[in-house]
file query.cif (mmCIF, C-alpha atoms, pLDDT in the B column; chains and numbers go by the auth columns)
data_protein
loop_
_atom_site.group_PDB
_atom_site.id
_atom_site.type_symbol
_atom_site.label_atom_id
_atom_site.label_comp_id
_atom_site.label_asym_id
_atom_site.label_seq_id
_atom_site.Cartn_x
_atom_site.Cartn_y
_atom_site.Cartn_z
_atom_site.B_iso_or_equiv
_atom_site.auth_seq_id
_atom_site.auth_asym_id
ATOM 1 C CA MET A 1 0.000 0.000 0.000 51.00 1064 A
ATOM 2 C CA LYS A 2 1.404 3.371 -1.018 56.00 1065 A
ATOM 3 C CA TYR A 3 0.816 6.574 0.912 55.00 1066 A
ATOM 4 C CA SER A 4 1.169 10.167 -0.266 55.00 1067 A
ATOM 5 C CA LEU A 5 3.701 12.483 1.344 54.00 1068 A
ATOM 6 C CA GLY A 6 0.848 14.706 2.526 58.00 1069 A
ATOM 7 C CA TYR A 7 -0.813 11.782 4.306 57.00 1070 A
ATOM 8 C CA LEU A 8 2.452 10.725 5.942 58.00 1071 A
ATOM 9 C CA PHE A 9 3.148 14.274 7.117 62.00 1072 A
ATOM 10 C CA ASP A 10 -0.372 14.704 8.518 66.00 1073 A
ATOM 11 C CA LEU A 11 -0.166 11.373 10.319 65.00 1074 A
ATOM 12 C CA ALA A 12 3.276 12.200 11.754 64.00 1075 A
ATOM 13 C CA THR A 13 1.904 15.562 12.934 70.00 1076 A
ATOM 14 C CA VAL A 14 -1.032 13.919 14.712 66.00 1077 A
ATOM 15 C CA ILE A 15 1.207 11.378 16.453 66.00 1078 A
ATOM 16 C CA THR A 16 3.667 14.121 17.419 67.00 1079 A
ATOM 17 C CA GLU A 17 0.861 16.167 18.965 66.00 1080 A
ATOM 18 C CA LYS A 18 -0.296 13.095 20.875 63.00 1081 A
ATOM 19 C CA GLU A 19 3.215 12.438 22.201 62.00 1082 A
ATOM 20 C CA LEU A 20 3.580 16.074 23.305 60.00 1083 A
ATOM 21 C CA LYS A 21 0.259 15.971 25.162 62.00 1084 A
ATOM 22 C CA VAL A 22 1.232 12.748 26.922 60.00 1085 A
ATOM 23 C CA ARG A 23 4.659 14.051 27.877 60.00 1086 A
ATOM 24 C CA TYR A 24 3.446 17.377 29.256 57.00 1087 A
ATOM 25 C CA LYS A 25 0.162 16.217 30.739 60.00 1088 A
ATOM 26 C CA SER A 26 -0.373 17.921 34.129 56.00 1089 A
ATOM 27 C CA SER A 27 2.974 19.706 33.683 53.00 1090 A
ATOM 28 C CA PHE A 28 2.895 23.308 34.892 51.00 1091 A
ATOM 29 C CA PHE A 29 6.160 24.462 33.274 56.00 1092 A
ATOM 30 C CA GLY A 30 5.564 22.647 29.989 57.00 1093 A
ATOM 31 C CA TYR A 31 8.253 23.121 27.361 60.00 1094 A
ATOM 32 C CA LEU A 32 10.596 24.835 29.848 66.00 1095 A
ATOM 33 C CA TRP A 33 11.626 21.362 30.967 64.00 1096 A
ATOM 34 C CA SER A 34 13.011 20.741 27.476 66.00 1097 A
ATOM 35 C CA ILE A 35 15.638 23.454 27.977 72.00 1098 A
ATOM 36 C CA ALA A 36 16.223 22.966 31.711 72.00 1099 A
ATOM 37 C CA ASN A 37 18.392 19.868 31.287 73.00 1100 A
ATOM 38 C CA PRO A 38 20.902 21.262 28.729 74.00 1101 A
ATOM 39 C CA LEU A 39 21.022 24.611 30.560 75.00 1102 A
ATOM 40 C CA LEU A 40 21.867 22.876 33.834 77.00 1103 A
ATOM 41 C CA PHE A 41 24.658 20.911 32.182 76.00 1104 A
ATOM 42 C CA ALA A 42 25.883 24.099 30.485 78.00 1105 A
ATOM 43 C CA MET A 43 26.234 25.716 33.915 81.00 1106 A
ATOM 44 C CA ILE A 44 28.128 22.692 35.256 81.00 1107 A
ATOM 45 C CA TYR A 45 30.483 22.522 32.273 82.00 1108 A
ATOM 46 C CA TYR A 46 31.055 26.263 32.396 79.00 1109 A
ATOM 47 C CA PHE A 47 32.038 26.024 36.064 81.00 1110 A
ATOM 48 C CA ILE A 48 34.400 23.086 35.480 79.00 1111 A
ATOM 49 C CA PHE A 49 36.008 24.000 32.167 76.00 1112 A
ATOM 50 C CA LYS A 50 35.972 27.799 32.239 74.00 1113 A
ATOM 51 C CA LEU A 51 36.323 28.713 35.909 76.00 1114 A
ATOM 52 C CA ILE A 52 38.409 25.787 37.165 80.00 1115 A
ATOM 53 C CA MET A 53 40.314 24.475 34.138 74.00 1116 A
ATOM 54 C CA ARG A 54 40.281 27.937 32.482 78.00 1117 A
ATOM 55 C CA VAL A 55 39.703 26.801 28.909 78.00 1118 A
ATOM 56 C CA GLN A 56 40.696 29.669 26.610 80.00 1119 A
ATOM 57 C CA ILE A 57 37.570 29.865 24.455 85.00 1120 A
ATOM 58 C CA PRO A 58 35.869 33.285 24.116 86.00 1121 A
ATOM 59 C CA ASN A 59 32.181 33.562 25.030 88.00 1122 A
ATOM 60 C CA TYR A 60 32.298 30.067 26.472 88.00 1123 A
ATOM 61 C CA THR A 61 28.703 30.067 27.734 87.00 1124 A
ATOM 62 C CA VAL A 62 27.364 30.696 24.228 90.00 1125 A
ATOM 63 C CA PHE A 63 29.896 28.204 22.887 93.00 1126 A
ATOM 64 C CA ILE A 64 28.543 25.479 25.171 91.00 1127 A
ATOM 65 C CA ILE A 65 24.814 26.024 24.656 91.00 1128 A
ATOM 66 C CA THR A 66 25.146 26.240 20.855 93.00 1129 A
ATOM 67 C CA GLY A 67 26.628 22.753 21.035 93.00 1130 A
ATOM 68 C CA LEU A 68 24.456 21.294 23.811 91.00 1131 A
ATOM 69 C CA PHE A 69 21.068 22.253 22.357 92.00 1132 A
ATOM 70 C CA PRO A 70 21.592 20.482 18.987 94.00 1133 A
ATOM 71 C CA TRP A 71 23.170 17.579 20.867 94.00 1134 A
ATOM 72 C CA GLN A 72 20.085 17.324 23.077 91.00 1135 A
ATOM 73 C CA TRP A 73 17.977 16.918 19.945 92.00 1136 A
ATOM 74 C CA PHE A 74 20.211 14.075 18.771 94.00 1137 A
ATOM 75 C CA ALA A 75 20.530 12.319 22.149 92.00 1138 A
ATOM 76 C CA SER A 76 16.820 12.532 23.008 89.00 1139 A
ATOM 77 C CA SER A 77 15.720 11.372 19.546 90.00 1140 A
ATOM 78 C CA THR A 78 18.147 8.456 19.701 92.00 1141 A
ATOM 79 C CA SER A 79 17.087 7.362 23.184 89.00 1142 A
ATOM 80 C CA ASN A 80 13.363 7.725 22.495 86.00 1143 A
ATOM 81 C CA SER A 81 13.571 5.906 19.168 86.00 1144 A
ATOM 82 C CA LEU A 82 14.671 2.715 20.919 85.00 1145 A
ATOM 83 C CA PHE A 83 11.228 2.358 22.494 83.00 1146 A
ATOM 84 C CA SER A 84 9.035 4.042 19.885 82.00 1147 A
ATOM 85 C CA PHE A 85 7.606 0.806 18.440 79.00 1148 A
ATOM 86 C CA LEU A 86 7.423 -0.902 21.834 79.00 1149 A
ATOM 87 C CA ALA A 87 5.515 2.027 23.346 74.00 1150 A
ATOM 88 C CA ASN A 88 2.993 1.943 20.496 72.00 1151 A
ATOM 89 C CA ALA A 89 2.569 -1.835 20.352 71.00 1152 A
ATOM 90 C CA GLN A 90 -1.234 -1.755 20.701 74.00 1153 A
ATOM 91 C CA ILE A 91 -1.640 0.747 17.869 73.00 1154 A
ATOM 92 C CA ILE A 92 0.645 -1.281 15.600 71.00 1155 A
ATOM 93 C CA LYS A 93 -1.320 -4.484 16.251 70.00 1156 A
ATOM 94 C CA LYS A 94 -4.780 -3.004 15.757 70.00 1157 A
ATOM 95 C CA THR A 95 -4.338 -0.336 13.074 71.00 1158 A
ATOM 96 C CA VAL A 96 -3.023 -0.370 9.518 67.00 1159 A
ATOM 97 C CA PHE A 97 -0.806 2.637 8.853 68.00 1160 A
ATOM 98 C CA PRO A 98 2.819 3.290 7.798 73.00 1161 A
ATOM 99 C CA ARG A 99 4.831 2.317 10.870 80.00 1162 A
ATOM 100 C CA SER A 100 7.712 4.599 9.907 80.00 1163 A
ATOM 101 C CA VAL A 101 5.772 7.667 11.081 83.00 1164 A
ATOM 102 C CA ILE A 102 6.212 6.566 14.714 84.00 1165 A
ATOM 103 C CA PRO A 103 10.002 7.107 14.892 86.00 1166 A
ATOM 104 C CA MET A 104 9.525 10.108 12.581 86.00 1167 A
ATOM 105 C CA SER A 105 7.185 11.690 15.141 84.00 1168 A
ATOM 106 C CA ASN A 106 9.857 11.307 17.843 85.00 1169 A
ATOM 107 C CA VAL A 107 12.392 13.112 15.673 90.00 1170 A
ATOM 108 C CA LEU A 108 9.898 15.909 14.901 86.00 1171 A
ATOM 109 C CA MET A 109 8.980 16.274 18.574 85.00 1172 A
ATOM 110 C CA GLU A 110 12.613 16.751 19.571 87.00 1173 A
ATOM 111 C CA CYS A 111 13.031 19.109 16.609 89.00 1174 A
ATOM 112 C CA LEU A 112 10.214 21.210 18.068 85.00 1175 A
ATOM 113 C CA HIS A 113 11.997 21.230 21.422 85.00 1176 A
ATOM 114 C CA PHE A 114 15.173 22.416 19.697 91.00 1177 A
ATOM 115 C CA ILE A 115 13.296 25.233 17.957 89.00 1178 A
ATOM 116 C CA CYS A 116 12.030 26.315 21.379 85.00 1179 A
ATOM 117 C CA THR A 117 15.639 26.667 22.572 88.00 1180 A
ATOM 118 C CA ILE A 118 16.582 29.166 19.842 91.00 1181 A
ATOM 119 C CA PRO A 119 15.125 32.151 21.783 90.00 1182 A
ATOM 120 C CA VAL A 120 17.358 31.131 24.710 88.00 1183 A
ATOM 121 C CA ILE A 121 20.392 31.198 22.404 91.00 1184 A
ATOM 122 C CA ILE A 122 19.393 34.660 21.176 92.00 1185 A
ATOM 123 C CA ILE A 123 19.124 35.928 24.767 90.00 1186 A
ATOM 124 C CA PHE A 124 22.640 34.703 25.556 89.00 1187 A
ATOM 125 C CA LEU A 125 23.948 36.237 22.333 92.00 1188 A
ATOM 126 C CA TYR A 126 22.660 39.643 23.415 92.00 1189 A
ATOM 127 C CA VAL A 127 24.147 39.163 26.892 88.00 1190 A
ATOM 128 C CA TYR A 128 27.556 38.646 25.267 89.00 1191 A
ATOM 129 C CA ASP A 129 27.036 41.549 22.837 91.00 1192 A
ATOM 130 C CA MET A 130 26.503 39.269 19.848 91.00 1193 A
ATOM 131 C CA ARG A 131 23.634 39.448 17.367 91.00 1194 A
ATOM 132 C CA PRO A 132 21.712 37.107 15.040 92.00 1195 A
ATOM 133 C CA SER A 133 21.837 37.794 11.311 92.00 1196 A
ATOM 134 C CA TRP A 134 19.628 37.314 8.263 92.00 1197 A
ATOM 135 C CA ASP A 135 21.666 34.184 7.462 93.00 1198 A
ATOM 136 C CA TRP A 136 19.651 32.431 10.151 95.00 1199 A
ATOM 137 C CA ILE A 137 16.530 32.592 7.976 94.00 1200 A
ATOM 138 C CA TRP A 138 17.864 30.016 5.506 93.00 1201 A
ATOM 139 C CA GLY A 139 20.632 28.571 7.689 95.00 1202 A
ATOM 140 C CA ILE A 140 18.344 27.121 10.371 96.00 1203 A
ATOM 141 C CA PRO A 141 16.038 25.238 7.927 95.00 1204 A
ATOM 142 C CA LEU A 142 19.040 24.104 5.865 96.00 1205 A
ATOM 143 C CA ILE A 143 20.917 22.566 8.798 96.00 1206 A
ATOM 144 C CA GLY A 144 17.721 21.479 10.560 95.00 1207 A
ATOM 145 C CA PHE A 145 16.489 19.462 7.578 95.00 1208 A
ATOM 146 C CA ALA A 146 19.889 17.771 7.298 96.00 1209 A
ATOM 147 C CA GLN A 147 19.682 16.772 10.954 96.00 1210 A
ATOM 148 C CA ILE A 148 16.120 15.501 10.490 94.00 1211 A
ATOM 149 C CA ILE A 149 17.285 13.235 7.648 95.00 1212 A
ATOM 150 C CA LEU A 150 20.198 11.942 9.746 95.00 1213 A
ATOM 151 C CA MET A 151 18.038 11.413 12.827 94.00 1214 A
ATOM 152 C CA LEU A 152 15.263 9.689 10.882 93.00 1215 A
ATOM 153 C CA GLY A 153 17.786 7.190 9.550 94.00 1216 A
ATOM 154 C CA VAL A 154 19.133 6.596 13.052 94.00 1217 A
ATOM 155 C CA ALA A 155 15.608 6.335 14.517 93.00 1218 A
ATOM 156 C CA LEU A 156 14.430 3.822 11.905 92.00 1219 A
ATOM 157 C CA THR A 157 17.508 1.680 12.451 93.00 1220 A
ATOM 158 C CA LEU A 158 17.431 1.634 16.244 92.00 1221 A
ATOM 159 C CA SER A 159 13.654 1.374 16.709 89.00 1222 A
ATOM 160 C CA THR A 160 13.565 -1.632 14.382 90.00 1223 A
ATOM 161 C CA LEU A 161 16.631 -3.466 15.680 90.00 1224 A
ATOM 162 C CA ASN A 162 15.664 -2.942 19.326 88.00 1225 A
ATOM 163 C CA LEU A 163 12.564 -5.085 18.763 85.00 1226 A
ATOM 164 C CA PHE A 164 14.783 -8.052 17.967 85.00 1227 A
ATOM 165 C CA PHE A 165 17.856 -7.295 20.111 83.00 1228 A
ATOM 166 C CA ARG A 166 16.737 -5.836 23.446 78.00 1229 A
ATOM 167 C CA ASP A 167 20.321 -5.525 24.701 78.00 1230 A
ATOM 168 C CA LEU A 168 20.837 -2.839 22.080 84.00 1231 A
ATOM 169 C CA GLU A 169 19.486 -0.117 24.379 83.00 1232 A
ATOM 170 C CA ARG A 170 22.356 -0.639 26.826 85.00 1233 A
ATOM 171 C CA PHE A 171 24.965 -0.359 24.093 89.00 1234 A
ATOM 172 C CA ILE A 172 23.294 2.776 22.713 90.00 1235 A
ATOM 173 C CA THR A 173 23.327 4.426 26.144 87.00 1236 A
ATOM 174 C CA LEU A 174 27.074 3.855 26.374 90.00 1237 A
ATOM 175 C CA GLY A 175 27.533 4.874 22.748 91.00 1238 A
ATOM 176 C CA ILE A 176 25.776 8.212 23.265 92.00 1239 A
ATOM 177 C CA MET A 177 28.043 8.967 26.216 91.00 1240 A
ATOM 178 C CA LEU A 178 31.134 8.076 24.181 91.00 1241 A
ATOM 179 C CA LEU A 179 30.001 10.151 21.196 92.00 1242 A
ATOM 180 C CA PHE A 180 29.383 13.156 23.438 92.00 1243 A
ATOM 181 C CA TYR A 181 33.042 13.363 24.397 89.00 1244 A
ATOM 182 C CA CYS A 182 34.218 12.570 20.862 89.00 1245 A
ATOM 183 C CA THR A 183 32.206 15.490 19.474 92.00 1246 A
ATOM 184 C CA PRO A 184 33.450 19.117 19.798 91.00 1247 A
ATOM 185 C CA ILE A 185 30.766 20.305 22.222 92.00 1248 A
ATOM 186 C CA LEU A 186 32.839 21.238 25.269 89.00 1249 A
ATOM 187 C CA TYR A 187 35.957 22.028 23.265 89.00 1250 A
ATOM 188 C CA SER A 188 36.834 23.525 19.909 88.00 1251 A
ATOM 189 C CA SER A 189 37.756 21.248 17.017 85.00 1252 A
ATOM 190 C CA ASP A 190 41.074 23.067 16.549 85.00 1253 A
ATOM 191 C CA MET A 191 42.122 21.964 20.057 86.00 1254 A
ATOM 192 C CA ILE A 192 42.323 18.331 18.925 86.00 1255 A
ATOM 193 C CA PRO A 193 45.867 17.045 18.177 86.00 1256 A
ATOM 194 C CA GLN A 194 46.477 16.110 14.567 86.00 1257 A
ATOM 195 C CA LYS A 195 46.766 12.377 15.305 85.00 1258 A
ATOM 196 C CA TYR A 196 43.219 12.376 16.705 84.00 1259 A
ATOM 197 C CA ARG A 197 41.662 14.450 13.927 86.00 1260 A
ATOM 198 C CA TRP A 198 39.941 11.343 12.589 84.00 1261 A
ATOM 199 C CA LEU A 199 37.539 11.636 15.532 80.00 1262 A
ATOM 200 C CA ILE A 200 36.208 14.777 13.852 83.00 1263 A
ATOM 201 C CA ASP A 201 36.728 13.886 10.202 83.00 1264 A
ATOM 202 C CA TYR A 202 34.647 10.692 10.418 87.00 1265 A
ATOM 203 C CA ASN A 203 32.105 11.873 12.957 90.00 1266 A
ATOM 204 C CA PRO A 204 28.864 13.178 11.350 91.00 1267 A
ATOM 205 C CA LEU A 205 27.854 14.740 14.657 94.00 1268 A
ATOM 206 C CA ALA A 206 30.959 16.924 14.512 93.00 1269 A
ATOM 207 C CA ASN A 207 29.751 18.391 11.203 92.00 1270 A
ATOM 208 C CA MET A 208 26.348 18.900 12.784 95.00 1271 A
ATOM 209 C CA ILE A 209 27.620 20.736 15.880 95.00 1272 A
ATOM 210 C CA ILE A 210 30.163 22.827 13.945 94.00 1273 A
ATOM 211 C CA SER A 211 27.489 23.848 11.407 95.00 1274 A
ATOM 212 C CA TRP A 212 25.088 25.020 14.128 96.00 1275 A
ATOM 213 C CA ARG A 213 27.838 26.807 16.052 95.00 1276 A
ATOM 214 C CA ASP A 214 29.139 28.606 12.953 95.00 1277 A
ATOM 215 C CA LEU A 215 25.625 29.813 12.255 96.00 1278 A
ATOM 216 C CA PHE A 216 24.717 30.915 15.778 95.00 1279 A
ATOM 217 C CA MET A 217 28.045 32.380 16.869 94.00 1280 A
ATOM 218 C CA ASN A 218 29.613 33.559 13.616 93.00 1281 A
ATOM 219 C CA ASN A 219 26.518 34.073 11.428 93.00 1282 A
ATOM 220 C CA THR A 220 28.182 31.822 8.870 93.00 1283 A
ATOM 221 C CA VAL A 221 26.505 29.153 6.756 94.00 1284 A
ATOM 222 C CA ASN A 222 29.261 26.574 6.271 90.00 1285 A
ATOM 223 C CA TYR A 223 28.044 24.898 3.083 92.00 1286 A
ATOM 224 C CA THR A 224 30.885 22.356 3.039 92.00 1287 A
ATOM 225 C CA ASP A 225 30.090 20.952 6.484 91.00 1288 A
ATOM 226 C CA ILE A 226 26.358 21.091 5.763 94.00 1289 A
ATOM 227 C CA ALA A 227 26.806 19.203 2.481 94.00 1290 A
ATOM 228 C CA THR A 228 28.821 16.561 4.339 94.00 1291 A
ATOM 229 C CA LEU A 229 26.043 16.328 6.942 94.00 1292 A
ATOM 230 C CA TYR A 230 23.487 15.784 4.168 96.00 1293 A
ATOM 231 C CA GLY A 231 25.691 13.041 2.738 95.00 1294 A
ATOM 232 C CA TYR A 232 25.884 11.235 6.088 95.00 1295 A
ATOM 233 C CA GLY A 233 22.148 11.731 6.582 95.00 1296 A
ATOM 234 C CA ILE A 234 21.179 10.271 3.197 96.00 1297 A
ATOM 235 C CA VAL A 235 23.423 7.223 3.735 96.00 1298 A
ATOM 236 C CA MET A 236 21.972 6.702 7.220 95.00 1299 A
ATOM 237 C CA LEU A 237 18.411 7.070 5.913 94.00 1300 A
ATOM 238 C CA ILE A 238 19.049 4.472 3.200 95.00 1301 A
ATOM 239 C CA ILE A 239 20.446 2.064 5.800 95.00 1302 A
ATOM 240 C CA GLY A 240 17.580 2.691 8.216 93.00 1303 A
ATOM 241 C CA SER A 241 14.918 2.339 5.515 92.00 1304 A
ATOM 242 C CA SER A 242 16.459 -0.916 4.288 94.00 1305 A
ATOM 243 C CA ILE A 243 16.500 -2.454 7.776 92.00 1306 A
ATOM 244 C CA PHE A 244 12.964 -1.235 8.506 90.00 1307 A
ATOM 245 C CA ASN A 245 11.496 -2.493 5.201 88.00 1308 A
ATOM 246 C CA LYS A 246 13.144 -5.878 5.635 90.00 1309 A
ATOM 247 C CA LEU A 247 11.882 -6.489 9.172 86.00 1310 A
ATOM 248 C CA LYS A 248 8.588 -4.552 9.390 81.00 1311 A
ATOM 249 C CA TYR A 249 6.542 -7.611 8.409 80.00 1312 A
ATOM 250 C CA ARG A 250 7.613 -9.345 11.630 78.00 1313 A
ATOM 251 C CA PHE A 251 6.580 -6.511 13.963 74.00 1314 A
ATOM 252 C CA ALA A 252 3.201 -8.027 14.888 68.00 1315 A
ATOM 253 C CA GLU A 253 4.666 -11.382 15.928 69.00 1316 A
ATOM 254 C CA ILE A 254 7.435 -9.747 17.976 68.00 1317 A
ATOM 255 C CA LEU A 255 5.150 -7.255 19.713 61.00 1318 A
#
call {"tool": "encode", "arguments": {"input": "query.cif", "output": "structure tokens"}}
result
Amino acid sequence: MKYSLGYLFDLATVITEKELKVRYKSSFFGYLWSIANPLLFAMIYYFIFKLIMRVQIPNYTVFIITGLFPWQWFASSTSNSLFSFLANAQIIKKTVFPRSVIPMSNVLMECLHFICTIPVIIIFLYVYDMRPSWDWIWGIPLIGFAQIILMLGVALTLSTLNLFFRDLERFITLGIMLLFYCTPILYSSDMIPQKYRWLIDYNPLANMIISWRDLFMNNTVNYTDIATLYGYGIVMLIIGSSIFNKLKYRFAEIL
């Protein structure tokens, strides 16, 4: 059965709205919780790296949050995708619809949370006498869509494989922690010794963080890094779609 793009988008929107209502049901502060976690860690890292270790990076608070907020989108989407099919087992068993919209809705929900953090970034920019530019108008959608493609590929892969290999969630938790420190979030990429440059060169998340940081801090749209991010995203989406299409017929028996 084939579905139009409009139908898939509408269905993903409905499921995303449902997930948001469930998450923030009876929550007084609502979306503020989505920025509280990265802001708290930003304060901790600022205290450790800037005040104690005295890392020589200008405007370090802005530097940290422009890396942590996109990372939060990645980490939350990855973690939530592991359980997206399991959490919707009853719907999958009883209703006929394209299953791929479930992990897609998780990615879109975390994308919405990221968009809600942009005003916080702007506030910090003004505090440090920095300003947004018109480049943001096309830079944010350009980088954001690349990250959506990458995250959708990751979400399809992990949500599918976790149905068959439940130990995967433990490896992913460790992997996210490892990737965090291998990605230039707390430090600048030019601080990495030459012999360890491969950690950046072959890390798609490095292109992602650097692209966002160049846009927010320098008002620069780095088309080379963004093109590389699109390349990684398309490859990941092909892999995720292949795994999903091969195993989706066994979902009902597993769930």
call {"tool": "closest_residue", "arguments": {"input": "query.cif", "among": "A:Ala1269, A:Ile1206, A:Leu1219, A:Leu1102", "to": "A:Ser1305", "atoms": "all atoms listed in the file"}}
result
A:Leu1219
call {"tool": "residues_around", "arguments": {"input": "query.cif", "residues": "A:Tyr1293", "least_positions_apart": "4", "cutoff": "12 Å", "atoms": "all atoms listed in the file", "output": "list in words"}}
result
Leu1205, Ile1206, Gly1207, Phe1208, Ala1209, Gln1210, Ile1211, Ile1212, Leu1213, Met1214, Gly1216, Pro1267, Leu1268, Asn1270, Met1271, Ser1274, Tyr1286, Thr1287, Asp1288, Ile1289, Ile1297, Val1298, Met1299 and Leu1300 of chain A
call {"tool": "residues_around", "arguments": {"input": "query.cif", "residues": "A:Ile1255", "least_positions_apart": "5", "cutoff": "12 Å", "atoms": "only C-alpha atoms", "output": "compact mmCIF listing (two decimals) with C-alpha atoms, in the frame of the given file"}}
result
# COMPACT_ATOMS: atom_id res chain seq x y z
CA TYR A 1244 33.04 13.36 24.40
CA CYS A 1245 34.22 12.57 20.86
CA THR A 1246 32.21 15.49 19.47
CA PRO A 1247 33.45 19.12 19.80
CA LEU A 1249 32.84 21.24 25.27
CA TYR A 1250 35.96 22.03 23.26
CA ARG A 1260 41.66 14.45 13.93
CA TRP A 1261 39.94 11.34 12.59
CA LEU A 1262 37.54 11.64 15.53
CA ILE A 1263 36.21 14.78 13.85
CA ASP A 1264 36.73 13.89 10.20
call {"tool": "closest_residue", "arguments": {"input": "query.cif", "among": "A:Trp1199, A:Phe1110, A:Tyr1295, A:Phe1146", "to": "A:Phe1228", "atoms": "only C-alpha atoms"}}
result
A:Phe1146
call {"tool": "residues_around", "arguments": {"input": "query.cif", "residues": "A:Gly1202", "least_positions_apart": "5", "cutoff": "9 Å", "atoms": "only C-alpha atoms", "output": "ChimeraX atom specification"}}
result
/A:1197,1207,1275,1278,1282-1285
call {"tool": "write_last_selection", "arguments": {"input": "query.cif", "atoms": "C-alpha atoms", "output": "short mmCIF file (atom, residue, chain, number, x, y, z; two decimals), keeping the file's coordinate frame"}}
result
data_model
loop_
_atom_site.label_atom_id
_atom_site.label_comp_id
_atom_site.auth_asym_id
_atom_site.auth_seq_id
_atom_site.Cartn_x
_atom_site.Cartn_y
_atom_site.Cartn_z
CA TRP A 1197 19.63 37.31 8.26
CA GLY A 1207 17.72 21.48 10.56
CA TRP A 1275 25.09 25.02 14.13
CA LEU A 1278 25.62 29.81 12.26
CA ASN A 1282 26.52 34.07 11.43
CA THR A 1283 28.18 31.82 8.87
CA VAL A 1284 26.50 29.15 6.76
CA ASN A 1285 29.26 26.57 6.27
#
call {"tool": "residues_around", "arguments": {"input": "query.cif", "residues": "A:Arg1162", "least_positions_apart": "3", "cutoff": "9 Å", "atoms": "only C-alpha atoms", "output": "ChimeraX atom specification"}}
result
/A:1148,1155,1159,1165-1166,1311
call {"tool": "resolve_selection", "arguments": {"input": "query.cif", "expression": "the PyMOL selection byres ((chain A and resi 1145) around 7)", "output": "PyMOL selection string"}}
result
chain A and resi 1141-1144+1146-1147+1221-1222+1225+1232
call {"tool": "atom_distance", "arguments": {"input": "query.cif", "atom1": "atom CA of A:Ile1272", "atom2": "atom CA of A:Ile1107"}}
result
19.5 Å
call {"tool": "resolve_selection", "arguments": {"input": "query.cif", "expression": "the PyMOL selection byres ((chain A and resi 1189-1193) around 12)", "output": "PyMOL selection string"}}
result
chain A and resi 1121-1126+1182-1188+1194-1196+1279-1282
call {"tool": "atom_distance", "arguments": {"input": "query.cif", "atom1": "atom CA of A:Thr1158", "atom2": "atom CA of A:Arg1313"}}
result
15.0 Å
call {"tool": "atom_distance", "arguments": {"input": "query.cif", "atom1": "atom CA of A:Leu1231", "atom2": "atom CA of A:Cys1174"}}
result
23.9 Å
call {"tool": "closest_residue", "arguments": {"input": "query.cif", "among": "A:Leu1114, A:Ile1154, A:Ile1302, A:Leu1149", "to": "A:Leu1215", "atoms": "all atoms listed in the file"}}
result
A:Ile1302
call {"tool": "closest_residue", "arguments": {"input": "query.cif", "among": "A:Gln1119, A:Thr1076, A:Asn1266, A:Gln1257", "to": "A:Leu1171", "atoms": "only C-alpha atoms"}}
result
A:Thr1076
call {"tool": "axis_aligned_box", "arguments": {"input": "query.cif", "around": "stretch 1303-1308 of chain A", "padding_each_side": "5 Å", "output": "JSON"}}
result
{"center_x": 14.5, "center_y": 0.1, "center_z": 6.4, "size_x": 16.1, "size_y": 15.2, "size_z": 14.2}
call {"tool": "decode", "arguments": {"input": "query.cif", "residues": "stretch 1296-1304 of chain A", "atoms": "N, CA, C and O atoms", "output": "PDB file, in the first residue's frame"}}
result
ATOM      1  N   GLY A1296      23.561  11.940   6.311  1.00  0.00           N
ATOM      2  CA  GLY A1296      22.148  11.731   6.582  1.00  0.00           C
ATOM      3  C   GLY A1296      21.486  10.836   5.543  1.00  0.00           C
ATOM      4  O   GLY A1296      20.702   9.939   5.893  1.00  0.00           O
ATOM      5  N   ILE A1297      21.782  11.073   4.263  1.00  0.00           N
ATOM      6  CA  ILE A1297      21.179  10.271   3.197  1.00  0.00           C
ATOM      7  C   ILE A1297      21.626   8.818   3.302  1.00  0.00           C
ATOM      8  O   ILE A1297      20.814   7.886   3.163  1.00  0.00           O
ATOM      9  N   VAL A1298      22.921   8.595   3.565  1.00  0.00           N
ATOM     10  CA  VAL A1298      23.423   7.223   3.735  1.00  0.00           C
ATOM     11  C   VAL A1298      22.731   6.543   4.917  1.00  0.00           C
ATOM     12  O   VAL A1298      22.295   5.393   4.831  1.00  0.00           O
ATOM     13  N   MET A1299      22.606   7.267   6.030  1.00  0.00           N
ATOM     14  CA  MET A1299      21.972   6.702   7.220  1.00  0.00           C
ATOM     15  C   MET A1299      20.501   6.416   6.969  1.00  0.00           C
ATOM     16  O   MET A1299      19.968   5.404   7.435  1.00  0.00           O
ATOM     17  N   LEU A1300      19.824   7.279   6.215  1.00  0.00           N
ATOM     18  CA  LEU A1300      18.411   7.070   5.913  1.00  0.00           C
ATOM     19  C   LEU A1300      18.217   5.850   5.016  1.00  0.00           C
ATOM     20  O   LEU A1300      17.253   5.094   5.196  1.00  0.00           O
ATOM     21  N   ILE A1301      19.121   5.655   4.067  1.00  0.00           N
ATOM     22  CA  ILE A1301      19.049   4.472   3.200  1.00  0.00           C
ATOM     23  C   ILE A1301      19.231   3.203   4.024  1.00  0.00           C
ATOM     24  O   ILE A1301      18.491   2.216   3.858  1.00  0.00           O
ATOM     25  N   ILE A1302      20.206   3.228   4.943  1.00  0.00           N
ATOM     26  CA  ILE A1302      20.446   2.064   5.800  1.00  0.00           C
ATOM     27  C   ILE A1302      19.229   1.795   6.690  1.00  0.00           C
ATOM     28  O   ILE A1302      18.745   0.663   6.796  1.00  0.00           O
ATOM     29  N   GLY A1303      18.727   2.850   7.328  1.00  0.00           N
ATOM     30  CA  GLY A1303      17.580   2.691   8.216  1.00  0.00           C
ATOM     31  C   GLY A1303      16.343   2.200   7.481  1.00  0.00           C
ATOM     32  O   GLY A1303      15.622   1.325   7.982  1.00  0.00           O
ATOM     33  N   SER A1304      16.088   2.758   6.298  1.00  0.00           N
ATOM     34  CA  SER A1304      14.918   2.339   5.515  1.00  0.00           C
ATOM     35  C   SER A1304      15.042   0.882   5.078  1.00  0.00           C
ATOM     36  O   SER A1304      14.045   0.139   5.075  1.00  0.00           O
TER      37      SER A1304
END
